[in-house]
$ cat query.csv   # CSV, C-alpha atoms and all ligand atoms
chain,number,residue,atom,x,y,z
A,1,MET,CA,155.5,88.2,98.3
A,2,LYS,CA,157.8,91.1,98.7
A,3,ILE,CA,156.7,94.7,98.1
A,4,ARG,CA,159.4,97.1,97.0
A,5,PHE,CA,158.9,100.9,97.0
A,6,TRP,CA,160.7,102.6,94.2
A,7,GLY,CA,159.0,105.9,94.4
A,8,THR,CA,156.9,107.2,97.3
A,9,ARG,CA,156.7,111.0,97.0
A,10,GLY,CA,153.5,112.8,96.1
A,11,SER,CA,152.9,115.3,93.2
A,12,LEU,CA,156.5,115.9,92.0
A,13,PRO,CA,159.9,114.5,92.6
A,14,VAL,CA,162.2,116.2,95.2
A,15,ALA,CA,165.9,115.9,95.9
A,16,ILE,CA,167.6,116.3,99.2
A,17,THR,CA,169.4,119.6,99.5
A,18,THR,CA,173.0,120.4,100.5
A,19,ASP,CA,171.8,122.1,103.6
A,20,ALA,CA,169.8,119.1,104.6
A,21,ILE,CA,172.8,116.8,104.1
A,22,GLU,CA,175.0,119.1,106.2
A,23,ALA,CA,172.4,119.1,109.0
A,24,LYS,CA,172.3,115.3,109.0
A,25,ILE,CA,176.1,115.1,109.1
A,26,PHE,CA,176.2,117.6,112.0
A,27,LYS,CA,173.6,115.5,114.0
A,28,ALA,CA,175.5,112.3,113.3
A,29,ILE,CA,178.8,113.6,114.4
A,30,ARG,CA,177.3,115.2,117.5
A,31,ALA,CA,175.6,111.9,118.4
A,32,SER,CA,178.8,110.0,117.9
A,33,ARG,CA,180.7,111.8,120.7
A,34,ALA,CA,179.6,109.2,123.3
A,35,TYR,CA,180.8,106.3,121.2
A,36,PRO,CA,184.3,105.0,120.7
A,37,LEU,CA,184.3,104.6,116.9
A,38,GLU,CA,187.8,103.2,116.3
A,39,THR,CA,187.0,100.6,113.7
A,40,ASP,CA,185.0,100.7,110.4
A,41,GLU,CA,182.7,98.0,111.9
A,42,SER,CA,181.9,100.2,114.9
A,43,ILE,CA,181.1,103.1,112.7
A,44,ILE,CA,178.7,101.0,110.6
A,45,THR,CA,177.1,99.6,113.7
A,46,PHE,CA,176.7,103.1,115.2
A,47,ILE,CA,175.1,104.4,111.9
A,48,ARG,CA,172.6,101.5,111.7
A,49,LYS,CA,171.8,101.1,115.4
A,50,GLU,CA,172.2,104.5,117.0
A,51,LEU,CA,171.1,107.0,114.4
A,52,PRO,CA,167.4,107.6,113.7
A,53,PHE,CA,166.2,107.1,110.1
A,54,SER,CA,165.8,110.8,109.7
A,55,VAL,CA,169.5,111.3,110.2
A,56,ARG,CA,171.0,108.2,108.6
A,57,GLY,CA,168.5,108.0,105.7
A,58,SER,CA,165.9,109.9,103.7
A,59,TYR,CA,162.3,109.2,102.7
A,60,GLY,CA,163.4,110.0,99.2
A,61,GLY,CA,162.1,111.9,96.3
A,62,ASN,CA,160.9,109.6,93.4
A,63,THR,CA,157.2,109.8,92.5
A,64,SER,CA,154.9,106.8,92.7
A,65,CYS,CA,156.2,103.3,91.7
A,66,VAL,CA,155.7,100.2,93.8
A,67,GLU,CA,156.7,96.7,92.8
A,68,LEU,CA,155.0,93.5,93.9
A,69,SER,CA,157.8,91.0,93.5
A,70,GLY,CA,157.7,87.2,93.7
A,71,GLN,CA,155.8,86.5,90.5
A,72,GLU,CA,157.2,85.0,87.2
A,73,GLU,CA,156.3,88.3,85.6
A,74,TYR,CA,157.1,91.8,86.9
A,75,VAL,CA,154.2,93.7,88.5
A,76,LEU,CA,154.3,97.4,89.2
A,77,CYS,CA,151.9,100.0,90.3
A,78,ASP,CA,152.3,103.4,88.6
A,79,ALA,CA,155.1,104.7,86.4
A,80,GLY,CA,156.3,107.7,88.4
A,81,THR,CA,160.1,108.5,88.5
A,82,GLY,CA,160.6,105.5,90.7
A,83,LEU,CA,160.1,103.4,87.6
A,84,ARG,CA,163.4,104.6,86.2
A,85,ASP,CA,165.2,103.2,89.3
A,86,PHE,CA,163.4,99.9,89.0
A,87,GLY,CA,164.4,99.8,85.3
A,88,ASN,CA,168.0,100.4,86.2
A,89,TYR,CA,167.9,97.7,88.8
A,90,PHE,CA,166.4,95.3,86.3
A,91,MET,CA,169.1,96.1,83.8
A,92,LYS,CA,171.7,95.2,86.4
A,93,THR,CA,170.1,92.0,87.7
A,94,GLY,CA,167.3,90.9,85.3
A,95,LEU,CA,169.2,90.1,82.2
A,96,THR,CA,172.0,88.2,83.7
A,97,GLY,CA,170.2,86.5,86.6
A,98,ARG,CA,167.5,84.6,84.7
A,99,GLN,CA,167.5,82.7,81.5
A,100,ASP,CA,163.8,83.1,80.6
A,101,PHE,CA,164.3,86.3,78.5
A,102,PRO,CA,162.2,88.1,77.1
A,103,LYS,CA,160.7,89.6,80.2
A,104,VAL,CA,157.0,90.4,80.8
A,105,PHE,CA,156.1,93.5,82.8
A,106,HIS,CA,152.7,94.6,84.0
A,107,ILE,CA,152.3,98.3,85.1
A,108,PHE,CA,149.0,99.3,86.7
A,109,ILE,CA,148.3,103.0,86.3
A,110,SER,CA,146.2,104.7,89.0
A,111,HIS,CA,145.6,107.8,86.9
A,112,LEU,CA,147.2,110.0,84.3
A,113,HIS,CA,148.6,112.9,86.4
A,114,TRP,CA,152.2,113.5,85.6
A,115,ASP,CA,153.7,112.2,88.8
A,116,HIS,CA,152.2,108.7,87.9
A,117,ILE,CA,153.5,108.4,84.3
A,118,GLN,CA,156.6,110.6,84.1
A,119,GLY,CA,159.0,107.8,84.7
A,120,PHE,CA,158.0,105.8,81.6
A,121,PRO,CA,160.2,107.7,79.1
A,122,PHE,CA,163.2,106.8,81.2
A,123,PHE,CA,162.3,103.1,81.7
A,124,THR,CA,165.2,101.4,80.0
A,125,PRO,CA,163.6,97.9,79.6
A,126,ALA,CA,161.0,99.6,77.3
A,127,PHE,CA,163.8,100.2,74.8
A,128,ILE,CA,164.8,96.6,74.5
A,129,PRO,CA,163.3,94.5,71.7
A,130,GLY,CA,161.6,91.3,73.0
A,131,ASN,CA,160.5,92.8,76.3
A,132,GLN,CA,156.7,92.7,76.7
A,133,ILE,CA,155.3,95.7,78.5
A,134,ASN,CA,151.6,95.7,79.4
A,135,ILE,CA,150.2,99.0,80.7
A,136,HIS,CA,146.9,98.5,82.5
A,137,GLY,CA,144.5,101.2,83.5
A,138,HIS,CA,140.9,102.4,83.6
A,139,HIS,CA,141.1,105.6,81.7
A,140,ALA,CA,139.9,105.3,78.1
A,141,ASP,CA,142.7,107.7,76.9
A,142,LEU,CA,145.5,105.8,78.7
A,143,GLU,CA,147.5,105.1,75.4
A,144,LYS,CA,146.9,108.6,74.0
A,145,ILE,CA,148.3,110.3,77.2
A,146,PHE,CA,151.4,108.0,77.2
A,147,VAL,CA,152.0,108.8,73.5
A,148,ASN,CA,151.5,112.6,74.0
A,149,GLN,CA,153.8,112.7,77.0
A,150,GLN,CA,156.7,111.7,74.6
A,151,ASN,CA,155.6,113.8,71.6
A,152,ALA,CA,157.4,117.0,70.6
A,153,PRO,CA,157.8,119.5,72.0
A,154,SER,CA,157.5,117.8,75.4
A,155,PHE,CA,160.1,115.1,75.0
A,156,PRO,CA,162.8,114.2,72.4
A,157,VAL,CA,162.1,110.5,72.0
A,158,PRO,CA,158.6,109.4,70.9
A,159,LEU,CA,157.0,106.3,72.5
A,160,LYS,CA,157.1,104.5,69.1
A,161,ALA,CA,160.9,104.7,69.3
A,162,MET,CA,160.8,102.4,72.3
A,163,ARG,CA,161.5,99.0,70.8
A,164,ALA,CA,159.8,96.7,73.4
A,165,ASP,CA,156.4,95.3,72.6
A,166,ILE,CA,154.3,97.9,74.5
A,167,SER,CA,150.5,97.4,74.8
A,168,PHE,CA,147.7,99.1,76.6
A,169,HIS,CA,144.8,97.3,78.4
A,170,ILE,CA,141.7,99.1,79.6
A,171,MET,CA,140.1,97.6,82.7
A,172,GLU,CA,136.6,98.0,84.0
A,173,PRO,CA,136.2,98.9,87.7
A,174,GLY,CA,134.8,96.1,89.8
A,175,LYS,CA,135.7,93.4,87.4
A,176,THR,CA,138.3,90.8,88.4
A,177,TYR,CA,141.2,89.9,86.0
A,178,GLU,CA,143.7,87.1,86.3
A,179,ILE,CA,147.1,88.7,85.6
A,180,ALA,CA,150.6,87.4,86.5
A,181,GLY,CA,149.1,84.7,88.7
A,182,MET,CA,147.0,87.2,90.7
A,183,ASN,CA,143.4,88.3,90.8
A,184,VAL,CA,143.4,92.0,90.2
A,185,SER,CA,140.5,94.4,90.5
A,186,GLY,CA,140.1,98.2,90.5
A,187,ILE,CA,137.9,100.7,92.3
A,188,LYS,CA,137.1,104.3,91.2
A,189,GLN,CA,138.5,106.9,93.6
A,190,ASN,CA,137.6,110.5,94.3
A,191,HIS,CA,140.4,112.5,92.7
A,192,PRO,CA,140.4,115.3,90.0
A,193,GLY,CA,140.0,113.4,86.7
A,194,ASP,CA,139.3,110.2,88.6
A,195,SER,CA,141.9,107.7,89.9
A,196,TYR,CA,141.7,104.0,90.5
A,197,GLY,CA,142.8,101.8,93.4
A,198,TYR,CA,144.0,98.2,92.8
A,199,CYS,CA,143.5,95.1,94.8
A,200,PHE,CA,145.8,92.2,94.2
A,201,ILE,CA,145.0,88.7,95.6
A,202,GLN,CA,147.4,85.8,95.4
A,203,GLY,CA,146.5,82.7,97.4
A,204,ASN,CA,145.5,84.0,100.8
A,205,LYS,CA,147.5,87.3,100.5
A,206,LYS,CA,145.8,90.6,99.7
A,207,ILE,CA,147.6,93.8,98.8
A,208,VAL,CA,145.8,97.0,98.1
A,209,TYR,CA,147.3,100.0,96.3
A,210,SER,CA,145.1,103.1,96.9
A,211,THR,CA,146.8,106.4,96.1
A,212,ASP,CA,145.5,109.8,95.0
A,213,SER,CA,142.1,109.3,96.7
A,214,GLU,CA,140.2,111.7,98.8
A,215,HIS,CA,137.8,110.2,101.3
A,216,LYS,CA,135.0,112.6,102.4
A,217,GLU,CA,132.0,112.5,104.7
A,218,ASP,CA,130.5,109.4,103.1
A,219,ALA,CA,133.5,107.4,104.3
A,220,GLU,CA,131.6,107.2,107.6
A,221,ASP,CA,128.7,105.3,105.9
A,222,ASP,CA,128.4,101.7,107.0
A,223,ASP,CA,128.3,100.5,103.4
A,224,TYR,CA,131.3,102.7,102.2
A,225,ALA,CA,132.7,100.7,99.3
A,226,PHE,CA,136.3,101.1,100.3
A,227,ILE,CA,135.8,99.2,103.6
A,228,GLU,CA,135.0,96.1,101.5
A,229,PHE,CA,137.8,96.8,99.0
A,230,TYR,CA,140.4,97.1,101.9
A,231,LYS,CA,138.9,94.3,104.0
A,232,ASN,CA,141.5,92.2,105.8
A,233,ALA,CA,144.3,93.4,103.5
A,234,ASP,CA,147.7,92.2,104.5
A,235,LEU,CA,149.0,95.5,103.3
A,236,LEU,CA,147.2,98.7,102.4
A,237,ILE,CA,149.2,101.3,100.6
A,238,PHE,CA,147.3,104.5,101.2
A,239,ASP,CA,147.6,108.1,100.0
A,240,ALA,CA,148.2,110.1,103.2
A,241,GLN,CA,149.7,113.2,101.7
A,242,TYR,CA,148.2,115.6,104.3
A,243,THR,CA,147.8,116.1,108.0
A,244,LEU,CA,144.2,116.4,109.1
A,245,LEU,CA,144.6,120.2,109.3
A,246,ASP,CA,145.7,120.4,105.7
A,247,ALA,CA,143.0,118.1,104.5
A,248,VAL,CA,140.1,120.0,106.1
A,249,ASP,CA,141.5,123.5,105.9
A,250,THR,CA,143.4,124.6,102.8
A,251,LYS,CA,143.5,121.5,100.7
A,252,GLU,CA,139.9,120.1,100.7
A,253,ASN,CA,139.0,118.8,97.3
A,254,TRP,CA,142.7,118.6,96.1
A,255,GLY,CA,142.1,114.8,95.9
A,256,HIS,CA,144.2,113.5,98.8
A,257,SER,CA,143.6,112.2,102.3
A,258,SER,CA,145.1,112.5,105.7
A,259,ASN,CA,147.0,110.1,108.0
A,260,LEU,CA,144.0,110.1,110.4
A,261,VAL,CA,141.5,109.0,107.8
A,262,ALA,CA,144.1,106.3,106.8
A,263,VAL,CA,144.1,104.9,110.3
A,264,GLU,CA,140.3,105.0,110.7
A,265,LEU,CA,139.6,103.2,107.4
A,266,ALA,CA,142.4,100.7,108.0
A,267,VAL,CA,141.0,99.8,111.5
A,268,ARG,CA,137.4,99.5,110.3
A,269,ALA,CA,138.5,97.3,107.4
A,270,GLY,CA,140.6,95.0,109.6
A,271,VAL,CA,143.8,95.8,107.7
A,272,LYS,CA,147.0,94.2,109.0
A,273,ARG,CA,149.6,96.7,107.8
A,274,LEU,CA,149.1,100.3,106.7
A,275,CYS,CA,151.7,102.0,104.7
A,276,LEU,CA,151.3,105.8,104.4
A,277,PHE,CA,152.3,106.8,100.8
A,278,HIS,CA,152.4,109.7,98.4
A,279,SER,CA,154.2,111.9,100.9
A,280,GLU,CA,153.8,115.7,100.7
A,281,HIS,CA,156.7,117.1,98.7
A,282,THR,CA,157.3,120.0,101.0
A,283,TYR,CA,157.8,117.8,104.1
A,284,ASP,CA,161.4,117.1,105.1
A,285,ASP,CA,162.7,113.9,106.7
A,286,GLU,CA,162.2,115.3,110.3
A,287,SER,CA,158.6,116.3,109.6
A,288,LEU,CA,157.8,113.0,108.0
A,289,THR,CA,159.3,111.1,111.0
A,290,LYS,CA,157.0,113.2,113.2
A,291,PHE,CA,154.1,112.6,110.9
A,292,LEU,CA,154.6,108.8,111.3
A,293,GLN,CA,154.9,109.1,115.1
A,294,ASN,CA,151.7,111.2,115.2
A,295,THR,CA,149.9,108.6,113.1
A,296,ARG,CA,151.0,105.8,115.5
A,297,GLU,CA,149.9,107.9,118.5
A,298,TYR,CA,146.5,108.6,116.9
A,299,LEU,CA,146.0,104.8,116.5
A,300,LYS,CA,146.4,104.4,120.2
A,301,ILE,CA,143.8,107.1,120.9
A,302,HIS,CA,141.5,105.8,118.2
A,303,ASP,CA,141.6,102.1,119.1
A,304,ASP,CA,144.2,101.1,121.7
A,305,SER,CA,143.4,97.4,121.2
A,306,SER,CA,144.3,97.5,117.5
A,307,ASP,CA,147.5,95.7,116.4
A,308,LEU,CA,147.6,97.5,113.1
A,309,GLU,CA,151.2,98.0,111.9
A,310,ILE,CA,151.9,101.5,110.5
A,311,HIS,CA,154.7,102.3,108.1
A,312,LEU,CA,155.6,105.4,106.2
A,313,ALA,CA,156.9,104.5,102.7
A,314,TYR,CA,160.4,105.5,101.7
A,315,ASP,CA,162.2,104.9,98.4
A,316,GLY,CA,164.0,101.6,98.8
A,317,MET,CA,161.7,100.2,101.6
A,318,GLU,CA,160.7,96.6,101.4
A,319,ILE,CA,157.8,94.9,103.1
A,320,GLU,CA,157.7,91.1,103.2
A,321,ILE,CA,154.2,89.6,103.2
A,322,GLY,CA,155.0,86.1,104.5
A,401,ZN,ZN,149.9,111.8,92.6
A,402,ZN,ZN,146.8,112.8,91.1
$ encode --input "query.csv" --output "structure tokens"
Amino acid sequence: MKIRFWGTRGSLPVAITTDAIEAKIFKAIRASRAYPLETDESIITFIRKELPFSVRGSYGGNTSCVELSGQEEYVLCDAGTGLRDFGNYFMKTGLTGRQDFPKVFHIFISHLHWDHIQGFPFFTPAFIPGNQINIHGHHADLEKIFVNQQNAPSFPVPLKAMRADISFHIMEPGKTYEIAGMNVSGIKQNHPGDSYGYCFIQGNKKIVYSTDSEHKEDAEDDDYAFIEFYKNADLLIFDAQYTLLDAVDTKENWGHSSNLVAVELAVRAGVKRLCLFHSEHTYDDESLTKFLQNTREYLKIHDDSSDLEIHLAYDGMEIEIG
């Protein structure tokens, strides 16, 4: 199974600025002085091998959307602005590459905040008759909120103008559903208006998507429900929007968690790979790189025998769960 991250930014989309691009170019040219870059190949090698990610790339700015690929049917978590890029990718590859059209999509919605649904009006496959789009979630007003998002005066194209077969499915937390060849279950999370994490099990592989979730003092309890929910996950995608200082100082009760809580819970649950997700929208590429380094250093302090892998999600990142 391959996990593709189409949108990873928390709360609202961000775009890289001209000043930030100029700063990256400056750093790249300065770093290139020691290298003879006479051929195109040597330039490409230099970019890929010598420049750090914060100079050659960017963590990106789309809001939450993660694809679990490898199934017959498309499976996605959340419909943030990353869903638009997934839809565009599908339009380029999906129609021509496979004969089994129409296509079936499953989108699991963590909650109804804008940043988790705002990509749907721009999801091109939803305009194509014959496509079957299943929107799964735990909130009773799931359909109403999707409809309202596209009603006047908020948006010019109502949901009913989208010609695909779009249906809404309300799930119950704790119940296991068989969807797209996987066992899927949800857990209620602490977040304004509630949010839900999702656990996907296929064969002996387990992926957990757990964003927009604040873990408080009861996270230290031995029987804390999330330890079981995360238990032995091959990949845990975890809301780590804040540093610990943010989380306990100015942003307590905003419904998000810190990178340190992420490490502590992942270690206790025996998780194999932790992916920090829903990055703070005010952090630039340099500060996110530092944030990732700090998180890895904290793991060594917290448990130096742990072989937990830690990633920080960026738009376009892929993780193969072999
Ligand atoms: Zn969010
Ligand atoms: Zn939220």
$ residues_near_ligand --input "query.csv" --ligand "ligand ZN 402 (chain A)" --cutoff "8 Å" --atoms "only C-alpha atoms and all ligand atoms" --output "mmCIF file with C-alpha atoms, keeping the file's coordinate frame"
data_model
loop_
_atom_site.group_PDB
_atom_site.id
_atom_site.type_symbol
_atom_site.label_atom_id
_atom_site.label_comp_id
_atom_site.auth_asym_id
_atom_site.auth_seq_id
_atom_site.Cartn_x
_atom_site.Cartn_y
_atom_site.Cartn_z
ATOM 1 C CA SER A 11 152.900 115.300 93.200
ATOM 2 C CA HIS A 111 145.600 107.800 86.900
ATOM 3 C CA LEU A 112 147.200 110.000 84.300
ATOM 4 C CA HIS A 113 148.600 112.900 86.400
ATOM 5 C CA TRP A 114 152.200 113.500 85.600
ATOM 6 C CA ASP A 115 153.700 112.200 88.800
ATOM 7 C CA HIS A 116 152.200 108.700 87.900
ATOM 8 C CA HIS A 191 140.400 112.500 92.700
ATOM 9 C CA PRO A 192 140.400 115.300 90.000
ATOM 10 C CA SER A 195 141.900 107.700 89.900
ATOM 11 C CA ASP A 212 145.500 109.800 95.000
ATOM 12 C CA GLY A 255 142.100 114.800 95.900
#
$ closest_residue --input "query.csv" --among "A:Ala28, A:Ala140, A:Leu265, A:Ala79" --to "Cys65 in chain A" --atoms "all atoms listed in the file"
A:Ala79
$ closest_residue --input "query.csv" --among "A:Met162, A:Ala240, A:Val271, A:Ile3" --to "Ser258 in chain A" --atoms "only C-alpha atoms"
A:Ala240
$ closest_residue --input "query.csv" --among "A:Thr295, A:Thr282, A:Gln202, A:Thr176" --to "Thr243 in chain A" --atoms "all atoms listed in the file"
A:Thr295
$ closest_residue --input "query.csv" --among "A:Gly80, A:Pro156, A:Pro129, A:Gly57" --to "ligand ZN 401 (chain A)" --atoms "only C-alpha atoms and all ligand atoms"
A:Gly80
$ closest_residue --input "query.csv" --among "A:Asp285, A:Asp141, A:Glu178, A:Asp78" --to "Gln118 in chain A" --atoms "all atoms listed in the file"
A:Asp78
$ decode --input "query.csv" --residues "range 27-50 of chain A" --atoms "N, CA, C and O atoms" --output "PDB file, in the first residue's frame"
ATOM      1  N   LYS A  27      20.275  30.774  -1.529  1.00  0.00           N
ATOM      2  CA  LYS A  27      20.977  29.713  -0.789  1.00  0.00           C
ATOM      3  C   LYS A  27      21.505  28.639  -1.742  1.00  0.00           C
ATOM      4  O   LYS A  27      22.604  28.113  -1.559  1.00  0.00           O
ATOM      5  N   ALA A  28      20.719  28.322  -2.758  1.00  0.00           N
ATOM      6  CA  ALA A  28      21.134  27.285  -3.712  1.00  0.00           C
ATOM      7  C   ALA A  28      22.355  27.744  -4.499  1.00  0.00           C
ATOM      8  O   ALA A  28      23.327  26.983  -4.674  1.00  0.00           O
ATOM      9  N   ILE A  29      22.343  28.982  -4.963  1.00  0.00           N
ATOM     10  CA  ILE A  29      23.485  29.476  -5.755  1.00  0.00           C
ATOM     11  C   ILE A  29      24.729  29.570  -4.879  1.00  0.00           C
ATOM     12  O   ILE A  29      25.830  29.175  -5.275  1.00  0.00           O
ATOM     13  N   ARG A  30      24.542  30.053  -3.660  1.00  0.00           N
ATOM     14  CA  ARG A  30      25.692  30.142  -2.751  1.00  0.00           C
ATOM     15  C   ARG A  30      26.269  28.749  -2.479  1.00  0.00           C
ATOM     16  O   ARG A  30      27.476  28.558  -2.514  1.00  0.00           O
ATOM     17  N   ALA A  31      25.395  27.754  -2.267  1.00  0.00           N
ATOM     18  CA  ALA A  31      25.875  26.387  -1.990  1.00  0.00           C
ATOM     19  C   ALA A  31      26.541  25.760  -3.203  1.00  0.00           C
ATOM     20  O   ALA A  31      27.342  24.829  -3.077  1.00  0.00           O
ATOM     21  N   SER A  32      26.232  26.276  -4.398  1.00  0.00           N
ATOM     22  CA  SER A  32      26.746  25.657  -5.629  1.00  0.00           C
ATOM     23  C   SER A  32      28.189  26.055  -5.936  1.00  0.00           C
ATOM     24  O   SER A  32      28.825  25.453  -6.798  1.00  0.00           O
ATOM     25  N   ARG A  33      28.720  27.063  -5.212  1.00  0.00           N
ATOM     26  CA  ARG A  33      30.053  27.597  -5.564  1.00  0.00           C
ATOM     27  C   ARG A  33      31.134  26.525  -5.567  1.00  0.00           C
ATOM     28  O   ARG A  33      32.060  26.579  -6.352  1.00  0.00           O
ATOM     29  N   ALA A  34      30.999  25.562  -4.655  1.00  0.00           N
ATOM     30  CA  ALA A  34      32.060  24.545  -4.535  1.00  0.00           C
ATOM     31  C   ALA A  34      31.931  23.422  -5.560  1.00  0.00           C
ATOM     32  O   ALA A  34      32.757  22.515  -5.583  1.00  0.00           O
ATOM     33  N   TYR A  35      30.886  23.485  -6.402  1.00  0.00           N
ATOM     34  CA  TYR A  35      30.647  22.360  -7.318  1.00  0.00           C
ATOM     35  C   TYR A  35      30.796  22.790  -8.775  1.00  0.00           C
ATOM     36  O   TYR A  35      30.277  23.840  -9.162  1.00  0.00           O
ATOM     37  N   PRO A  36      31.493  21.985  -9.571  1.00  0.00           N
ATOM     38  CA  PRO A  36      31.553  22.294 -11.006  1.00  0.00           C
ATOM     39  C   PRO A  36      30.244  21.826 -11.662  1.00  0.00           C
ATOM     40  O   PRO A  36      29.988  20.636 -11.737  1.00  0.00           O
ATOM     41  N   LEU A  37      29.413  22.770 -12.042  1.00  0.00           N
ATOM     42  CA  LEU A  37      28.086  22.406 -12.565  1.00  0.00           C
ATOM     43  C   LEU A  37      28.035  22.691 -14.062  1.00  0.00           C
ATOM     44  O   LEU A  37      27.315  23.574 -14.518  1.00  0.00           O
ATOM     45  N   GLU A  38      28.820  21.917 -14.828  1.00  0.00           N
ATOM     46  CA  GLU A  38      28.925  22.229 -16.245  1.00  0.00           C
ATOM     47  C   GLU A  38      27.873  21.555 -17.102  1.00  0.00           C
ATOM     48  O   GLU A  38      27.573  22.005 -18.192  1.00  0.00           O
ATOM     49  N   THR A  39      27.304  20.476 -16.598  1.00  0.00           N
ATOM     50  CA  THR A  39      26.285  19.782 -17.397  1.00  0.00           C
ATOM     51  C   THR A  39      24.936  19.843 -16.688  1.00  0.00           C
ATOM     52  O   THR A  39      24.873  20.061 -15.473  1.00  0.00           O
ATOM     53  N   ASP A  40      23.863  19.626 -17.472  1.00  0.00           N
ATOM     54  CA  ASP A  40      22.523  19.609 -16.865  1.00  0.00           C
ATOM     55  C   ASP A  40      22.427  18.506 -15.818  1.00  0.00           C
ATOM     56  O   ASP A  40      21.809  18.686 -14.766  1.00  0.00           O
ATOM     57  N   GLU A  41      23.050  17.345 -16.115  1.00  0.00           N
ATOM     58  CA  GLU A  41      22.991  16.219 -15.175  1.00  0.00           C
ATOM     59  C   GLU A  41      23.642  16.593 -13.841  1.00  0.00           C
ATOM     60  O   GLU A  41      23.128  16.246 -12.774  1.00  0.00           O
ATOM     61  N   SER A  42      24.783  17.289 -13.920  1.00  0.00           N
ATOM     62  CA  SER A  42      25.467  17.644 -12.665  1.00  0.00           C
ATOM     63  C   SER A  42      24.631  18.640 -11.861  1.00  0.00           C
ATOM     64  O   SER A  42      24.640  18.625 -10.629  1.00  0.00           O
ATOM     65  N   ILE A  43      23.874  19.503 -12.557  1.00  0.00           N
ATOM     66  CA  ILE A  43      22.998  20.450 -11.840  1.00  0.00           C
ATOM     67  C   ILE A  43      21.883  19.687 -11.120  1.00  0.00           C
ATOM     68  O   ILE A  43      21.593  19.928  -9.942  1.00  0.00           O
ATOM     69  N   ILE A  44      21.293  18.731 -11.852  1.00  0.00           N
ATOM     70  CA  ILE A  44      20.190  17.949 -11.242  1.00  0.00           C
ATOM     71  C   ILE A  44      20.703  17.155 -10.039  1.00  0.00           C
ATOM     72  O   ILE A  44      20.072  17.122  -8.977  1.00  0.00           O
ATOM     73  N   THR A  45      21.876  16.530 -10.206  1.00  0.00           N
ATOM     74  CA  THR A  45      22.457  15.768  -9.090  1.00  0.00           C
ATOM     75  C   THR A  45      22.728  16.679  -7.901  1.00  0.00           C
ATOM     76  O   THR A  45      22.425  16.331  -6.751  1.00  0.00           O
ATOM     77  N   PHE A  46      23.269  17.848  -8.177  1.00  0.00           N
ATOM     78  CA  PHE A  46      23.549  18.807  -7.102  1.00  0.00           C
ATOM     79  C   PHE A  46      22.255  19.178  -6.362  1.00  0.00           C
ATOM     80  O   PHE A  46      22.193  19.163  -5.127  1.00  0.00           O
ATOM     81  N   ILE A  47      21.205  19.488  -7.112  1.00  0.00           N
ATOM     82  CA  ILE A  47      19.928  19.871  -6.482  1.00  0.00           C
ATOM     83  C   ILE A  47      19.420  18.745  -5.586  1.00  0.00           C
ATOM     84  O   ILE A  47      19.046  18.964  -4.436  1.00  0.00           O
ATOM     85  N   ARG A  48      19.430  17.527  -6.140  1.00  0.00           N
ATOM     86  CA  ARG A  48      18.816  16.409  -5.401  1.00  0.00           C
ATOM     87  C   ARG A  48      19.671  15.888  -4.259  1.00  0.00           C
ATOM     88  O   ARG A  48      19.148  15.442  -3.243  1.00  0.00           O
ATOM     89  N   LYS A  49      21.012  15.940  -4.445  1.00  0.00           N
ATOM     90  CA  LYS A  49      21.880  15.309  -3.441  1.00  0.00           C
ATOM     91  C   LYS A  49      22.461  16.305  -2.436  1.00  0.00           C
ATOM     92  O   LYS A  49      22.742  15.943  -1.297  1.00  0.00           O
ATOM     93  N   GLU A  50      22.685  17.527  -2.866  1.00  0.00           N
ATOM     94  CA  GLU A  50      23.429  18.460  -2.007  1.00  0.00           C
ATOM     95  C   GLU A  50      22.556  19.482  -1.309  1.00  0.00           C
ATOM     96  O   GLU A  50      22.957  20.030  -0.290  1.00  0.00           O
TER      97      GLU A  50
END
